[in-house]
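Visitor: Sharing a structure with you now.
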Amino acid sequence: METIIEPFRIKSVEPIRMTTAQERAELIREANFNLFALKSDDVIIDLLTDSGTGAMSAAQWAAVQRGDESYAGSPSFYRFEAAVKNLMPFRHVIPTHQGRAAEAILFSIFGGDGHVIPSNTHFDTTRGNIEASGAEAYDLVIADGNDPASTHPFKGNMDLQKLAAFLDSYGDAVPCVMLTITNNAGGGQPVSLENIQGVAELAKRYGKPFFIDGCRFAENAWFIKSRERGQADRSIPEIVRDCFSLADGMTMSAKKDAFGNIGGWLALNDDGLAERARAELIRTEGFPTYGGLAGRDLEALAQGLSEIVDEDYLRYRIRANTYLVERLDALGVPVVKPAGGHAVFIDARAWLSHIPPLSYPGQALAVALYEIGGIRSCEIGTAMFGRQPDGSEKPAAMDLVRLAMPRRTYTQSHTDYIVEVFEELAKTKDKLPRYKIVKEPNLLRHFTCQFAPI
């Protein structure tokens with residue numbers, strides 16, 4: 001059947017406060033035109049992020065009741081550890097309160113002045129943790145990954161020739177190699193199993209540890225199964241295990257593809273690195289069998305890992321995003337193609353061509369979506385990535401607006417409403433104002449900076 005149906009029934013609901021356009025104009029002004037500063041009660045459809053915003057299942061809520069809150073040696077940790085190792089065959093699993101904490105621990109070991117760390121595209125907190133350590137983050141995604149209109153099936157792939165040249169050029173300054181699956185900053189685009197193998201081979205050849213940022217691993221595995229030659233008859237868990245068996249370790253935000261509202265982990269194979277990581281964990285997060293999480297959270301994540309690899313769910317998840325891409329494309333809205341796994345990305349630079357990159361077309365579009373329809377989205381462009389380590393600014397590779405879809409949260413009618421908001425916005429898009437930043441922190445500015453229309 002062509003009709004997309006949610007492969008679940010709704011058991012509990014929460015109300016949405018229906019604001020007016022006049023209210024929203026005042027609310028966004030009071031928030032200094034930064035959508036992160038809005039109260040969630042003032043948002044009709046919240047697509048700011050898919051991180052921790054999904055709906056947990058009845059089985060997860062049941063698992064919460066089993067949570068054991070012992071400080072050390074909780075059985076909840078061992079159930080969580082077994083669930084992780086079932087999909088990611090690493091020797092050591094170190095829980096953290098969320099993904100950025102795992103990154104902070106990893107780069108406390110591999111970061112530092114004079115170090116350079118390549119990836120396909122580092123996302124915001126990864127880049128922030130690298131730069132906070134004194135190291136530099138480099139993006140080596142393939143050329144198609146920076147072309148929103150390209151229909152390459154694996155636009156998240158690392159450019160292997162560039163990686164080899166990078167490793168030749170920087171030598172000992174490279175402490176490790178990273179790879180993000182899917183490639184969030186590049187439009188939620190997947191990485192092929194062949195490319196993961198290629199990155200792993202290069203890292204091994206040059207003697208560099210290879211780490212995967214795996215927060216959307218299941219969505220990436222679905223794309224491998226549906227798009228990569230020779231993978232169609234394999235199960236999602238088999239593909240996931242193959243991906244991570246190629247790496248020396250991983251960071252994970254369990255708020256994405258583990259159906260968690262909180263949580264993450266750092267996984268490693270090297271015993272010495274794991275010992276150093278656990279020492280840092282105890283200093284900053286907690287004892288190694290809870291790592292900043294309650295036992296009930298560990299139980300929910302263990303159950304979520306069994307649900308995220310369900311093919312009926314993944315088929316629905318990807319098809320729902322594809323439906324929105326198709327509808328917006330039919331309206332003439334430039335969208336990143338093909339559809340990604342966790343979000344729909346709008347090419348704001350192309351759609352709002354009257355606004356130059358350094359006047360933040362992505363932010364202009366995100367503000368307008370809220371004012372017109374109460375939709376909260378996220379700029380992924382020059383506001384997020386334009387500030388350089390030396391304090392200067394330059395345009396990002398792309399100026400995108402991300403509509404991140406929370407898991408199991410919104411329905412088909414919510415999606416159709418989003419399309420109607422874009423229809424209305426299309427009438428006035430050429431009159432949207434440019435923006436400037438009037439106040440900003442030194443790091444990860446997009447979370448808290450203040451904007452003003454020009």
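Just so we're on the same page: first chain in the structure tokens is A, next is B, and so on; residues restart at 1 for each chain, and ligands are numbered from 1 in the order they show up.
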Which parts of stretch 86-292 of chain A does DSSP call strand (DSSP E or B) when run on the backbone here, written out as a PyMOL selection string?

Guide: chain A and resi 92-96+116-119+136-139+141+158+177-180+183+189+210-213+249-253+264-268

Visitor: So that I have them on file, write out the residues from the current selection with C-alpha atoms, as a tab-separated table (two decimals), in the first residue's frame.

Guide:
```
chain	number	residue	atom	x	y	z
A	92	HIS	CA	34.41	-1.94	26.88
A	93	VAL	CA	31.10	-0.05	27.16
A	94	ILE	CA	31.27	3.13	29.26
A	95	PRO	CA	27.91	4.83	29.92
A	96	THR	CA	27.57	8.62	29.92
A	116	VAL	CA	44.00	17.67	13.88
A	117	ILE	CA	41.05	15.29	13.66
A	118	PRO	CA	39.38	14.42	10.33
A	119	SER	CA	35.80	13.24	9.80
A	136	GLU	CA	41.28	21.35	15.14
A	137	ALA	CA	38.40	19.57	13.38
A	138	TYR	CA	38.51	18.97	9.61
A	139	ASP	CA	35.66	17.87	7.33
A	141	VAL	CA	33.03	14.63	3.05
A	158	MET	CA	34.24	10.32	3.53
A	177	VAL	CA	40.03	9.31	12.55
A	178	MET	CA	36.30	9.97	13.08
A	179	LEU	CA	33.25	9.10	10.96
A	180	THR	CA	29.65	10.14	11.62
A	183	ASN	CA	26.14	12.55	8.48
A	189	GLN	CA	22.96	11.51	4.64
A	210	PHE	CA	39.21	4.74	14.06
A	211	PHE	CA	36.07	5.92	15.87
A	212	ILE	CA	32.48	6.06	14.70
A	213	ASP	CA	29.96	8.60	15.94
A	249	GLY	CA	35.60	2.52	19.28
A	250	MET	CA	32.50	4.67	19.10
A	251	THR	CA	30.70	7.58	20.70
A	252	MET	CA	26.94	7.44	21.01
A	253	SER	CA	24.08	9.71	21.89
A	264	GLY	CA	24.93	7.81	25.75
A	265	TRP	CA	28.11	5.81	25.83
A	266	LEU	CA	31.74	5.54	24.81
A	267	ALA	CA	32.79	2.09	23.62
A	268	LEU	CA	36.41	1.00	23.16
```

Visitor: Per residue of stretch 272-389 of chain A within 10 Å of stretch 221-237 of chain A, which atom pair is closest and at what distance in Å (one decimal), using only C-alpha atoms, listed by chain and increasing number, as a Markdown table?

Guide:
```
| residue | atom | partner | partner_atom | distance |
| --- | --- | --- | --- | --- |
| A:Ser306 | CA | A:Pro237 | CA | 9.5 |
| A:Ile308 | CA | A:Ile236 | CA | 9.6 |
| A:Val309 | CA | A:Ile236 | CA | 6.0 |
| A:Asp310 | CA | A:Ile236 | CA | 7.8 |
| A:Glu311 | CA | A:Ile236 | CA | 7.3 |
| A:Leu314 | CA | A:Trp222 | CA | 6.8 |
| A:Arg315 | CA | A:Trp222 | CA | 7.9 |
| A:Ile318 | CA | A:Trp222 | CA | 8.5 |
| A:Gly340 | CA | A:Phe223 | CA | 9.1 |
| A:Gly341 | CA | A:Phe223 | CA | 8.2 |
```

Visitor: Once you count only C-alpha atoms, what closest atom pair and distance in Å to one decimal does each residue of stretch 277-366 of chain A within 7 Å of stretch 431-447 of chain A have, with rows by chain and rising residue number, as a Markdown table?

Guide:
```
| residue | atom | partner | partner_atom | distance |
| --- | --- | --- | --- | --- |
| A:Ile355 | CA | A:Arg434 | CA | 5.9 |
| A:Ser359 | CA | A:Tyr435 | CA | 5.1 |
| A:Tyr360 | CA | A:Tyr435 | CA | 6.0 |
| A:Pro361 | CA | A:Arg434 | CA | 6.9 |
| A:Ala364 | CA | A:Arg434 | CA | 6.5 |
```

Visitor: Output the selection as a PDB file, in the first residue's frame - C-alpha atoms for each residue.

Guide:
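Okay, part_2.pdb is ready:
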```
ATOM      1  CA  ILE A 355      20.030  36.912   1.842  1.00  0.00           C
ATOM      2  CA  SER A 359      23.343  37.451   7.006  1.00  0.00           C
ATOM      3  CA  TYR A 360      22.128  33.966   7.962  1.00  0.00           C
ATOM      4  CA  PRO A 361      19.456  32.843   5.487  1.00  0.00           C
ATOM      5  CA  ALA A 364      15.711  33.897   8.602  1.00  0.00           C
TER       6      ALA A 364
END
```

Visitor: Find the residues of stretch 396-427 of chain A that sit at most 9 Å from stretch 33-46 of chain A; for each, write down the nearest two atoms and how far apart they are in Å, to one decimal. Count only C-alpha atoms. Sort by chain, then by number going up, and give it as JSON lines.

Guide:
```
{"residue": "A:Leu403", "atom": "CA", "partner": "A:Asp46", "partner_atom": "CA", "distance": 8.7}
{"residue": "A:Ala404", "atom": "CA", "partner": "A:Asp46", "partner_atom": "CA", "distance": 8.4}
{"residue": "A:Met405", "atom": "CA", "partner": "A:Asp46", "partner_atom": "CA", "distance": 8.4}
{"residue": "A:Pro406", "atom": "CA", "partner": "A:Asp46", "partner_atom": "CA", "distance": 8.3}
{"residue": "A:Tyr410", "atom": "CA", "partner": "A:Ile45", "partner_atom": "CA", "distance": 8.4}
{"residue": "A:His414", "atom": "CA", "partner": "A:Ile45", "partner_atom": "CA", "distance": 7.6}
{"residue": "A:Ile418", "atom": "CA", "partner": "A:Ile45", "partner_atom": "CA", "distance": 8.4}
```

Visitor: Looking at only C-alpha atoms, which of A:Gln303, A:Gln98, A:Gln197, A:Asn184 is the one that sits closest to A:Gly291?

Guide: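 Smallest separation from A:Gly291 among the options: A:Gln98.
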
Visitor: Do you know which residues are at most 9 Å from A:Ala396 counting only C-alpha atoms, after dropping those on the same chain fewer than 4 positions away, and could you put them as a tab-separated table (two decimals) with all heavy atoms, in the first residue's frame?

Guide:
```tsv
chain	number	residue	atom	x	y	z
A	357	PRO	N	25.06	34.59	2.79
A	357	PRO	CA	25.35	33.66	3.88
A	357	PRO	C	25.69	34.33	5.20
A	357	PRO	O	25.26	33.86	6.27
A	357	PRO	CB	26.53	32.84	3.34
A	357	PRO	CG	26.36	32.87	1.86
A	357	PRO	CD	25.81	34.24	1.56
A	358	LEU	N	26.46	35.42	5.18
A	358	LEU	CA	26.85	36.07	6.42
A	358	LEU	C	25.72	36.88	7.04
A	358	LEU	O	25.90	37.49	8.11
A	358	LEU	CB	28.08	36.95	6.20
A	358	LEU	CG	29.36	36.17	5.85
A	358	LEU	CD1	30.53	37.12	5.64
A	358	LEU	CD2	29.71	35.15	6.95
A	380	ILE	N	21.25	24.93	10.35
A	380	ILE	CA	22.50	24.17	10.22
A	380	ILE	C	23.30	24.86	9.12
A	380	ILE	O	23.24	24.47	7.95
A	380	ILE	CB	22.23	22.69	9.85
A	380	ILE	CG1	21.22	22.05	10.80
A	380	ILE	CG2	23.54	21.91	9.83
A	380	ILE	CD1	21.74	21.70	12.16
A	381	GLY	N	23.99	25.91	9.46
A	381	GLY	CA	24.66	26.68	8.43
A	381	GLY	C	25.66	27.64	9.02
A	381	GLY	O	26.41	27.30	9.95
A	382	THR	N	25.67	28.86	8.53
A	382	THR	CA	26.70	29.81	8.90
A	382	THR	C	26.58	30.27	10.34
A	382	THR	O	27.59	30.56	10.99
A	382	THR	CB	26.69	31.01	7.93
A	382	THR	OG1	26.90	30.52	6.59
A	382	THR	CG2	27.79	32.01	8.25
A	383	ALA	N	25.36	30.35	10.87
A	383	ALA	CA	25.22	30.69	12.29
A	383	ALA	C	25.85	29.61	13.16
A	383	ALA	O	26.49	29.90	14.17
A	383	ALA	CB	23.76	30.90	12.65
A	384	MET	N	25.68	28.34	12.76
A	384	MET	CA	26.20	27.22	13.55
A	384	MET	C	27.69	27.00	13.31
A	384	MET	O	28.46	26.75	14.25
A	384	MET	CB	25.44	25.95	13.22
A	384	MET	CG	25.87	24.73	14.02
A	384	MET	SD	24.92	23.22	13.67
A	384	MET	CE	23.38	23.58	14.51
A	385	PHE	N	28.13	27.08	12.06
A	385	PHE	CA	29.49	26.67	11.72
A	385	PHE	C	30.38	27.79	11.18
A	385	PHE	O	31.54	27.55	10.86
A	385	PHE	CB	29.44	25.55	10.67
A	385	PHE	CG	28.83	24.27	11.16
A	385	PHE	CD1	27.69	23.74	10.57
A	385	PHE	CD2	29.38	23.59	12.23
A	385	PHE	CE1	27.12	22.56	11.02
A	385	PHE	CE2	28.83	22.40	12.69
A	385	PHE	CZ	27.70	21.89	12.08
A	386	GLY	N	29.86	29.01	11.06
A	386	GLY	CA	30.64	30.06	10.42
A	386	GLY	C	31.76	30.63	11.25
A	386	GLY	O	32.77	31.10	10.71
A	387	ARG	N	31.62	30.62	12.56
A	387	ARG	CA	32.67	31.17	13.42
A	387	ARG	C	33.89	30.26	13.41
A	387	ARG	O	33.79	29.05	13.64
A	387	ARG	CB	32.16	31.35	14.84
A	387	ARG	CG	33.17	32.04	15.77
A	387	ARG	CD	32.65	32.09	17.19
A	387	ARG	NE	33.66	32.62	18.10
A	387	ARG	CZ	33.70	33.86	18.52
A	387	ARG	NH1	32.77	34.73	18.12
A	387	ARG	NH2	34.65	34.28	19.35
```

Visitor: Find, counting only C-alpha atoms, the residue in A:Ala247, A:Ile142, A:Ile454, A:Leu281 that gets nearest to A:Leu293.

Guide: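 The closest residue to A:Leu293 is A:Leu281.
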